[in-house]
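Next comes model.cif, with mmCIF, C-alpha atoms.
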data_upload
loop_
_atom_site.label_atom_id
_atom_site.label_comp_id
_atom_site.auth_asym_id
_atom_site.auth_seq_id
_atom_site.Cartn_x
_atom_site.Cartn_y
_atom_site.Cartn_z
CA MET V 1 5.09 -0.32 -29.90
CA LYS V 2 4.96 2.32 -27.22
CA LEU V 3 6.99 2.18 -24.01
CA SER V 4 5.91 3.80 -20.75
CA VAL V 5 8.46 4.22 -17.96
CA ILE V 6 7.12 4.79 -14.43
CA VAL V 7 9.40 6.52 -11.93
CA PRO V 8 7.98 7.08 -8.40
CA VAL V 9 9.70 10.04 -6.72
CA PHE V 10 9.68 11.35 -3.16
CA ASN V 11 12.13 14.17 -2.37
CA GLU V 12 14.57 13.14 -5.11
CA GLU V 13 15.51 16.61 -6.38
CA SER V 14 19.26 15.95 -6.08
CA VAL V 15 19.32 12.75 -8.16
CA LEU V 16 16.79 13.61 -10.89
CA PRO V 17 19.24 15.38 -13.27
CA GLN V 18 21.49 12.30 -13.25
CA LEU V 19 18.48 10.07 -13.79
CA ARG V 20 17.30 12.02 -16.83
CA THR V 21 20.78 12.06 -18.37
CA ARG V 22 20.97 8.27 -18.21
CA LEU V 23 17.30 7.44 -18.77
CA GLU V 24 16.65 9.24 -22.06
CA PRO V 25 19.34 7.43 -24.12
CA ALA V 26 18.26 4.08 -22.68
CA VAL V 27 14.59 4.66 -23.58
CA GLN V 28 15.42 5.98 -27.05
CA GLN V 29 17.45 2.85 -27.68
CA CYS V 30 14.25 0.84 -27.15
CA THR V 31 11.76 2.81 -29.25
CA PRO V 32 11.12 6.38 -30.46
CA ASP V 33 7.55 6.13 -29.18
CA TYR V 34 7.76 6.48 -25.40
CA GLU V 35 6.61 8.40 -22.35
CA VAL V 36 8.20 8.87 -18.93
CA LEU V 37 5.73 9.17 -16.07
CA PHE V 38 7.05 10.68 -12.86
CA ILE V 39 4.76 9.92 -9.92
CA ASN V 40 5.33 12.64 -7.32
CA ASP V 41 4.49 10.98 -4.01
CA GLY V 42 4.01 14.12 -1.92
CA SER V 43 7.54 15.55 -2.24
CA THR V 44 8.30 18.55 -0.03
CA ASP V 45 11.53 19.70 -1.72
CA GLY V 46 11.98 21.07 -5.25
CA THR V 47 11.21 17.77 -6.98
CA LEU V 48 7.83 18.79 -8.40
CA ALA V 49 9.03 22.21 -9.58
CA LEU V 50 11.94 20.61 -11.44
CA LEU V 51 9.66 18.03 -13.06
CA LYS V 52 7.24 20.75 -14.19
CA THR V 53 10.11 22.60 -15.87
CA TRP V 54 11.04 19.49 -17.80
CA ALA V 55 7.43 18.76 -18.73
CA GLU V 56 7.00 22.23 -20.23
CA ASN V 57 9.77 21.54 -22.73
CA ASP V 58 9.11 17.86 -23.43
CA LYS V 59 5.55 16.54 -23.73
CA ARG V 60 6.83 12.97 -23.40
CA ILE V 61 7.58 13.73 -19.75
CA LYS V 62 4.35 13.37 -17.83
CA ILE V 63 3.59 13.96 -14.17
CA VAL V 64 1.06 12.50 -11.77
CA SER V 65 1.31 14.43 -8.50
CA LEU V 66 -0.40 12.80 -5.52
CA SER V 67 -2.10 14.91 -2.86
CA ARG V 68 0.28 13.64 -0.15
CA ASN V 69 2.78 10.87 0.53
CA PHE V 70 0.86 7.61 0.09
CA GLY V 71 3.89 5.33 -0.14
CA LYS V 72 5.71 3.66 -3.00
CA GLU V 73 3.14 0.89 -3.55
CA ALA V 74 0.36 3.45 -4.04
CA ALA V 75 2.58 5.54 -6.32
CA LEU V 76 3.33 2.49 -8.46
CA THR V 77 -0.38 1.76 -8.72
CA ALA V 78 -1.05 5.34 -9.82
CA GLY V 79 1.67 5.03 -12.46
CA LEU V 80 0.30 1.79 -13.83
CA ALA V 81 -3.17 3.34 -14.07
CA ALA V 82 -1.84 6.38 -15.99
CA ALA V 83 0.54 4.54 -18.35
CA THR V 84 -0.63 4.08 -21.93
CA GLY V 85 2.26 2.07 -23.41
CA ASP V 86 2.14 -1.43 -24.83
CA GLY V 87 5.02 -2.16 -22.46
CA VAL V 88 5.25 -0.51 -19.03
CA ALA V 89 8.57 -0.35 -17.21
CA VAL V 90 9.14 0.49 -13.54
CA LEU V 91 12.36 2.14 -12.32
CA ASP V 92 13.45 3.63 -9.01
CA ALA V 93 14.66 7.22 -9.12
CA ASP V 94 17.79 6.59 -7.02
CA LEU V 95 19.69 4.88 -9.90
CA GLN V 96 20.38 1.73 -7.88
CA ASP V 97 18.46 -0.08 -10.61
CA PRO V 98 20.37 1.27 -13.65
CA PRO V 99 18.29 2.70 -16.54
CA GLU V 100 20.68 0.99 -18.95
CA ILE V 101 18.85 -2.28 -18.25
CA LEU V 102 15.79 -1.07 -20.18
CA PRO V 103 16.95 -2.20 -23.66
CA GLN V 104 17.46 -5.73 -22.31
CA LEU V 105 13.98 -5.73 -20.78
CA TRP V 106 12.49 -4.37 -24.01
CA GLU V 107 14.20 -7.08 -26.06
CA LYS V 108 12.61 -9.79 -23.89
CA PHE V 109 9.26 -8.02 -24.17
CA GLN V 110 9.48 -8.13 -27.96
CA GLN V 111 10.16 -11.85 -27.69
CA GLY V 112 6.73 -12.29 -26.10
CA PHE V 113 7.38 -12.19 -22.34
CA ASP V 114 4.81 -10.39 -20.18
CA ASN V 115 6.75 -9.91 -16.94
CA ILE V 116 10.46 -9.22 -17.37
CA TYR V 117 12.00 -8.52 -13.97
CA GLY V 118 15.49 -7.41 -13.00
CA VAL V 119 17.46 -9.79 -10.78
CA ARG V 120 20.15 -8.28 -8.54
CA LYS V 121 23.10 -10.60 -9.10
CA ASP V 122 25.47 -8.33 -7.16
CA ARG V 123 24.32 -6.35 -4.09
CA THR V 124 27.66 -5.24 -2.72
CA ALA V 125 26.41 -1.64 -2.97
CA ASP V 126 24.01 -2.44 -0.12
CA SER V 127 25.08 -2.70 3.50
CA PHE V 128 25.88 -6.12 4.98
CA PHE V 129 22.82 -6.03 7.24
CA LYS V 130 20.53 -5.12 4.36
CA ARG V 131 21.85 -7.97 2.22
CA ILE V 132 21.33 -10.46 5.07
CA SER V 133 17.86 -9.17 5.97
CA ALA V 134 16.76 -9.07 2.32
CA GLY V 135 17.98 -12.61 1.71
CA THR V 136 16.16 -13.83 4.82
CA PHE V 137 12.95 -12.12 3.74
CA TYR V 138 12.97 -13.72 0.30
CA LYS V 139 13.53 -17.18 1.79
CA VAL V 140 10.84 -16.82 4.46
CA TYR V 141 8.36 -15.23 2.05
CA ASN V 142 8.78 -17.92 -0.59
CA ARG V 143 8.28 -20.67 1.99
CA LEU V 144 5.06 -19.12 3.27
CA ALA V 145 3.47 -17.25 0.35
CA ASP V 146 0.96 -18.78 -2.04
CA SER V 147 2.77 -17.19 -5.03
CA PRO V 148 6.56 -17.07 -4.54
CA ILE V 149 8.52 -14.09 -5.86
CA PRO V 150 11.82 -14.43 -7.76
CA TYR V 151 14.81 -14.28 -5.44
CA ASN V 152 16.54 -10.87 -5.39
CA ALA V 153 13.97 -9.35 -7.76
CA GLY V 154 12.65 -5.91 -6.87
CA ASP V 155 10.20 -3.56 -8.54
CA CYS V 156 12.50 -2.98 -11.53
CA ARG V 157 10.69 -4.70 -14.40
CA LEU V 158 8.79 -4.34 -17.66
CA LEU V 159 5.19 -5.51 -17.96
CA SER V 160 3.03 -6.15 -21.00
CA ARG V 161 -0.30 -4.38 -21.30
CA ARG V 162 -2.27 -7.45 -20.28
CA ALA V 163 -0.06 -7.96 -17.21
CA VAL V 164 -0.65 -4.32 -16.22
CA GLU V 165 -4.41 -4.73 -16.60
CA ALA V 166 -4.29 -7.87 -14.46
CA VAL V 167 -2.48 -6.08 -11.62
CA LEU V 168 -4.83 -3.08 -11.81
CA ALA V 169 -7.82 -5.42 -11.57
CA LEU V 170 -6.72 -6.50 -8.08
CA PRO V 171 -8.72 -4.34 -5.66
CA GLU V 172 -6.85 -4.62 -2.36
CA ARG V 173 -5.69 -1.47 -0.55
CA GLU V 174 -2.81 -3.09 1.33
CA ARG V 175 -0.71 -3.55 -1.78
CA PHE V 176 2.54 -5.51 -1.97
CA MET V 177 3.44 -4.97 -5.61
CA LYS V 178 6.13 -7.66 -5.92
CA GLY V 179 3.58 -10.19 -4.70
CA LEU V 180 0.88 -8.86 -7.05
CA PHE V 181 3.22 -9.01 -10.05
CA SER V 182 4.00 -12.62 -9.19
CA TRP V 183 0.37 -13.57 -8.49
CA ALA V 184 -0.77 -12.26 -11.90
CA GLY V 185 1.42 -14.88 -13.56
CA PHE V 186 1.88 -14.81 -17.36
CA LYS V 187 5.11 -15.57 -19.19
CA SER V 188 7.99 -14.31 -17.03
CA ILE V 189 11.77 -14.15 -17.21
CA GLY V 190 14.58 -12.55 -15.19
CA VAL V 191 17.37 -10.29 -16.45
CA PRO V 192 20.43 -10.09 -14.14
CA PHE V 193 22.08 -6.76 -13.34
CA VAL V 194 24.51 -5.27 -10.84
CA ARG V 195 22.87 -3.11 -8.20
CA GLU V 196 24.59 0.26 -8.01
CA SER V 197 25.07 2.76 -5.21
CA ARG V 198 22.51 5.52 -4.84
CA GLY V 199 23.19 8.34 -7.30
CA ALA V 200 22.58 11.16 -4.82
CA GLY V 201 20.55 12.01 -1.74
CA HIS V 202 19.65 9.46 0.91
CA THR V 203 17.26 6.56 1.22
CA LYS V 204 13.76 7.11 2.57
CA TRP V 205 13.66 3.57 3.99
CA ASN V 206 14.83 2.96 7.55
CA TYR V 207 14.88 -0.47 9.14
CA TRP V 208 11.56 0.06 10.93
CA LYS V 209 9.84 0.88 7.61
CA LEU V 210 11.50 -2.11 5.97
CA TRP V 211 10.29 -4.39 8.78
CA ASN V 212 6.72 -3.16 8.40
CA PHE V 213 6.99 -3.47 4.62
CA ALA V 214 8.10 -7.11 4.96
CA LEU V 215 5.33 -7.80 7.47
CA ASN V 216 2.76 -6.27 5.15
CA GLY V 217 4.07 -8.37 2.29
CA LEU V 218 3.72 -11.60 4.25
CA THR V 219 0.25 -10.91 5.62
CA ALA V 220 -0.96 -9.72 2.20
CA SER V 221 0.21 -12.89 0.48
CA THR V 222 -0.59 -15.78 2.83
CA THR V 223 -2.74 -16.85 5.78
CA LEU V 224 -0.24 -19.52 6.81
CA PRO V 225 0.89 -17.69 10.00
CA LEU V 226 -2.68 -17.95 11.32
CA LYS V 227 -2.77 -21.65 10.58
CA LEU V 228 0.67 -22.23 12.12
CA TRP V 229 -0.35 -20.61 15.39
CA THR V 230 -3.53 -22.68 15.41
CA TYR V 231 -1.48 -25.89 15.29
CA PHE V 232 1.10 -24.54 17.72
CA GLY V 233 -1.65 -23.58 20.15
CA LEU V 234 -3.13 -27.05 19.85
CA PHE V 235 0.29 -28.62 20.52
CA VAL V 236 0.90 -26.44 23.60
CA SER V 237 -2.60 -27.10 24.93
CA CYS V 238 -2.14 -30.84 24.64
CA GLY V 239 1.17 -30.58 26.47
CA ALA V 240 -0.42 -28.45 29.20
CA PHE V 241 -3.31 -30.87 29.71
CA GLY V 242 -0.89 -33.79 29.79
CA TYR V 243 1.25 -32.08 32.41
CA ALA V 244 -1.85 -31.22 34.48
CA GLY V 245 -2.98 -34.85 34.40
CA TRP V 246 0.47 -36.07 35.42
CA ALA V 247 0.62 -33.58 38.32
CA ALA V 248 -2.86 -34.63 39.51
CA TYR V 249 -1.88 -38.31 39.31
CA LYS V 250 1.26 -37.72 41.41
CA LYS V 251 -0.76 -35.80 44.00
CA ILE V 252 -3.47 -38.46 44.29
CA VAL V 253 -1.26 -41.57 44.18
CA PHE V 254 1.94 -40.41 45.86
CA GLY V 255 0.73 -37.43 47.79
CA ASN V 256 3.48 -35.20 46.43
CA PRO V 257 3.19 -31.58 47.41
CA VAL V 258 2.11 -28.97 44.88
CA SER V 259 4.96 -27.64 42.70
CA GLY V 260 6.64 -24.49 43.90
CA TRP V 261 6.30 -20.86 42.97
CA THR V 262 9.09 -20.90 40.33
CA SER V 263 7.60 -23.63 38.17
CA LEU V 264 4.17 -22.02 38.47
CA MET V 265 5.47 -18.62 37.30
CA VAL V 266 7.35 -20.20 34.39
CA ALA V 267 4.17 -21.92 33.22
CA ILE V 268 2.08 -18.75 33.56
CA LEU V 269 4.60 -16.56 31.73
CA PHE V 270 5.05 -19.12 28.95
CA PHE V 271 1.35 -19.52 28.22
CA SER V 272 0.75 -15.78 28.55
CA GLY V 273 3.50 -15.14 26.01
CA VAL V 274 2.00 -17.66 23.59
CA GLN V 275 -1.41 -16.02 23.92
CA LEU V 276 -0.05 -12.53 23.35
CA ILE V 277 1.91 -13.60 20.26
CA THR V 278 -1.20 -15.32 18.91
CA LEU V 279 -3.28 -12.19 19.50
CA GLY V 280 -0.58 -10.16 17.77
CA VAL V 281 -0.73 -12.33 14.65
CA ILE V 282 -4.52 -12.10 14.62
CA GLY V 283 -4.27 -8.34 15.13
CA GLU V 284 -2.03 -7.94 12.07
CA TYR V 285 -4.64 -9.58 9.88
CA LEU V 286 -7.50 -7.77 11.61
CA SER V 287 -5.89 -4.37 10.96
CA ARG V 288 -5.67 -5.19 7.26
CA ILE V 289 -9.30 -6.30 7.21
CA PHE V 290 -10.15 -2.95 8.84
CA ASN V 291 -8.34 -1.05 6.08
CA GLU V 292 -10.00 -3.08 3.35
CA VAL V 293 -13.49 -2.65 4.80
CA LYS V 294 -13.15 1.15 4.81
CA GLN V 295 -12.71 0.99 1.01
CA ARG V 296 -10.72 4.19 0.82
CA PRO V 297 -8.89 4.92 -2.46
CA THR V 298 -5.31 3.71 -2.62
CA TYR V 299 -4.19 7.24 -3.54
CA TRP V 300 -5.58 10.65 -4.44
CA ILE V 301 -4.31 12.75 -7.34
CA ASP V 302 -3.63 16.44 -6.88
CA GLU V 303 -2.75 17.27 -10.49
CA LYS V 304 -1.74 15.75 -13.83
CA ILE V 305 0.61 17.31 -16.35
CA ASN V 306 0.82 16.31 -20.03
CA LEU V 307 -1.80 13.63 -19.45
#
Spit out the file's structure as structure tokens when you get a sec.
Amino acid sequence: MKLSVIVPVFNEESVLPQLRTRLEPAVQQCTPDYEVLFINDGSTDGTLALLKTWAENDKRIKIVSLSRNFGKEAALTAGLAAATGDGVAVLDADLQDPPEILPQLWEKFQQGFDNIYGVRKDRTADSFFKRISAGTFYKVYNRLADSPIPYNAGDCRLLSRRAVEAVLALPERERFMKGLFSWAGFKSIGVPFVRESRGAGHTKWNYWKLWNFALNGLTASTTLPLKLWTYFGLFVSCGAFGYAGWAAYKKIVFGNPVSGWTSLMVAILFFSGVQLITLGVIGEYLSRIFNEVKQRPTYWIDEKINL
């Protein structure tokens, strides 16, 4: 059977030589029939030139170069669409998900599993804040989402052909690939590994991008936040009406003076805050509806090499 390995890259010139040195033996240990697809996501350094040099000398190295930076989720989608293998693996270029895990994933694939995902059993290579924030995200996501994702599982995985076709059949533009892999279902199993430090270069993800990525993942996978704010709004409204009735009763029966400025301002600020938060939640979903309605392609290809 043929193995396709998808590697999205964005300005990874410094780490690519290390990646190739470790990736080729790992892939050859799986099967002699393989291809490595590098998805150039609008790199501005020497990444594309280096990949073209490799592709000239080895036809098993294939390149899909996007017209600009569309983001990792779009690059993964482009890779899945271009891959021709019976099994399709996904690896990050930074070497934090070690290529040496591929033979273990391939073994599970040969046993009949469709979605074999890597589980990070040791994340000491990540910063303390990233470990805490990632753990919180997985817990919150799995409590809210319709299809939970395996804890500490990233994009590193190997999919069967039918699992790939299932993910590609999902038409949404706001793509959260971990959620799509989980939603597609099929026979799944985790393979633990130790997350390593980045091989070279620096991460392209800052905390603001990670926050937006997590927010996109939640809103793409569940409508529960909208329902929660509906019930919360109902609860607050009932409390407000009850307080208004009690204040009116005191005024009519006991003739108590109207409450002072402080209590009035607290009530106004509280309800205004609730309304703004509610509008913000609605706005998050509305912005995603806007993007879906435009029906723009998830990515655009500039050139293909060896494909």
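In this model, the gap between atom CA of V:Leu16 and atom CA of V:Gly85 comes to 22.4 Å.
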Which distance in Å separates atom CA of V:Leu80 and atom CA of V:Leu144, to one decimal?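 It comes out at 27.4 Å.
Among the candidate residues V:Trp106, V:Glu292, V:Val36, V:Ala81, the one lying nearest to V:Lys62 is V:Val36, with distances computed using all atoms listed in the file.
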Nearest to V:Val167 by atom-to-atom distance, counting all atoms listed in the file, from V:Arg288, V:Ala78, V:Thr53, V:Arg143: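 The shortest atom-to-atom distance to V:Val167 comes from V:Ala78.
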Quick one: residues within 10 Å of V:Val293, all atoms listed in the file counted, chain neighbours fewer than 5 positions away excluded, as a list in words? Glu172, Arg173, Ser287 and Arg288 of chain V
Excluding V:Leu180 and residues on its chain fewer than 4 positions from it, collect all residues at most 12 Å away from it, counting only C-alpha atoms, and give them as a tab-separated table (two decimals) with C-alpha atoms, in the coordinates of the input.
chain	number	residue	atom	x	y	z
V	73	GLU	CA	3.14	0.89	-3.55
V	76	LEU	CA	3.33	2.49	-8.46
V	77	THR	CA	-0.38	1.76	-8.72
V	115	ASN	CA	6.75	-9.91	-16.94
V	145	ALA	CA	3.47	-17.25	0.35
V	146	ASP	CA	0.96	-18.78	-2.04
V	147	SER	CA	2.77	-17.19	-5.03
V	148	PRO	CA	6.56	-17.07	-4.54
V	149	ILE	CA	8.52	-14.09	-5.86
V	155	ASP	CA	10.20	-3.56	-8.54
V	163	ALA	CA	-0.06	-7.96	-17.21
V	164	VAL	CA	-0.65	-4.32	-16.22
V	165	GLU	CA	-4.41	-4.73	-16.60
V	166	ALA	CA	-4.29	-7.87	-14.46
V	167	VAL	CA	-2.48	-6.08	-11.62
V	168	LEU	CA	-4.83	-3.08	-11.81
V	169	ALA	CA	-7.82	-5.42	-11.57
V	170	LEU	CA	-6.72	-6.50	-8.08
V	171	PRO	CA	-8.72	-4.34	-5.66
V	172	GLU	CA	-6.85	-4.62	-2.36
V	173	ARG	CA	-5.69	-1.47	-0.55
V	174	GLU	CA	-2.81	-3.09	1.33
V	175	ARG	CA	-0.71	-3.55	-1.78
V	176	PHE	CA	2.54	-5.51	-1.97
V	184	ALA	CA	-0.77	-12.26	-11.90
V	185	GLY	CA	1.42	-14.88	-13.56
V	186	PHE	CA	1.88	-14.81	-17.36
V	217	GLY	CA	4.07	-8.37	2.29
V	218	LEU	CA	3.72	-11.60	4.25
V	220	ALA	CA	-0.96	-9.72	2.20
V	221	SER	CA	0.21	-12.89	0.48
Write out as a list in words the residues lying within 12 Å of V:Lys187, counting all atoms listed in the file and excluding same-chain residues fewer than 2 positions away.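 Returned residues: Lys108, Phe109, Gln111, Gly112, Phe113, Asp114, Asn115, Ile116, Tyr117, Leu158, Leu159, Ser160, Arg162, Ala163, Phe181, Ser182, Trp183, Ala184, Gly185, Ile189 and Gly190 of chain V.
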Could those residues be written to a file, using C-alpha atoms, as a compact mmCIF listing (two decimals), keeping the file's coordinate frame?
# COMPACT_ATOMS: atom_id res chain seq x y z
CA LYS V 108 12.61 -9.79 -23.89
CA PHE V 109 9.26 -8.02 -24.17
CA GLN V 111 10.16 -11.85 -27.69
CA GLY V 112 6.73 -12.29 -26.10
CA PHE V 113 7.38 -12.19 -22.34
CA ASP V 114 4.81 -10.39 -20.18
CA ASN V 115 6.75 -9.91 -16.94
CA ILE V 116 10.46 -9.22 -17.37
CA TYR V 117 12.00 -8.52 -13.97
CA LEU V 158 8.79 -4.34 -17.66
CA LEU V 159 5.19 -5.51 -17.96
CA SER V 160 3.03 -6.15 -21.00
CA ARG V 162 -2.27 -7.45 -20.28
CA ALA V 163 -0.06 -7.96 -17.21
CA PHE V 181 3.22 -9.01 -10.05
CA SER V 182 4.00 -12.62 -9.19
CA TRP V 183 0.37 -13.57 -8.49
CA ALA V 184 -0.77 -12.26 -11.90
CA GLY V 185 1.42 -14.88 -13.56
CA ILE V 189 11.77 -14.15 -17.21
CA GLY V 190 14.58 -12.55 -15.19
What does the structure give for the distance between atom CA of V:Leu66 and atom CA of V:Ser43, in Å to one decimal?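 That distance, rounded to one decimal, is 9.0 Å.
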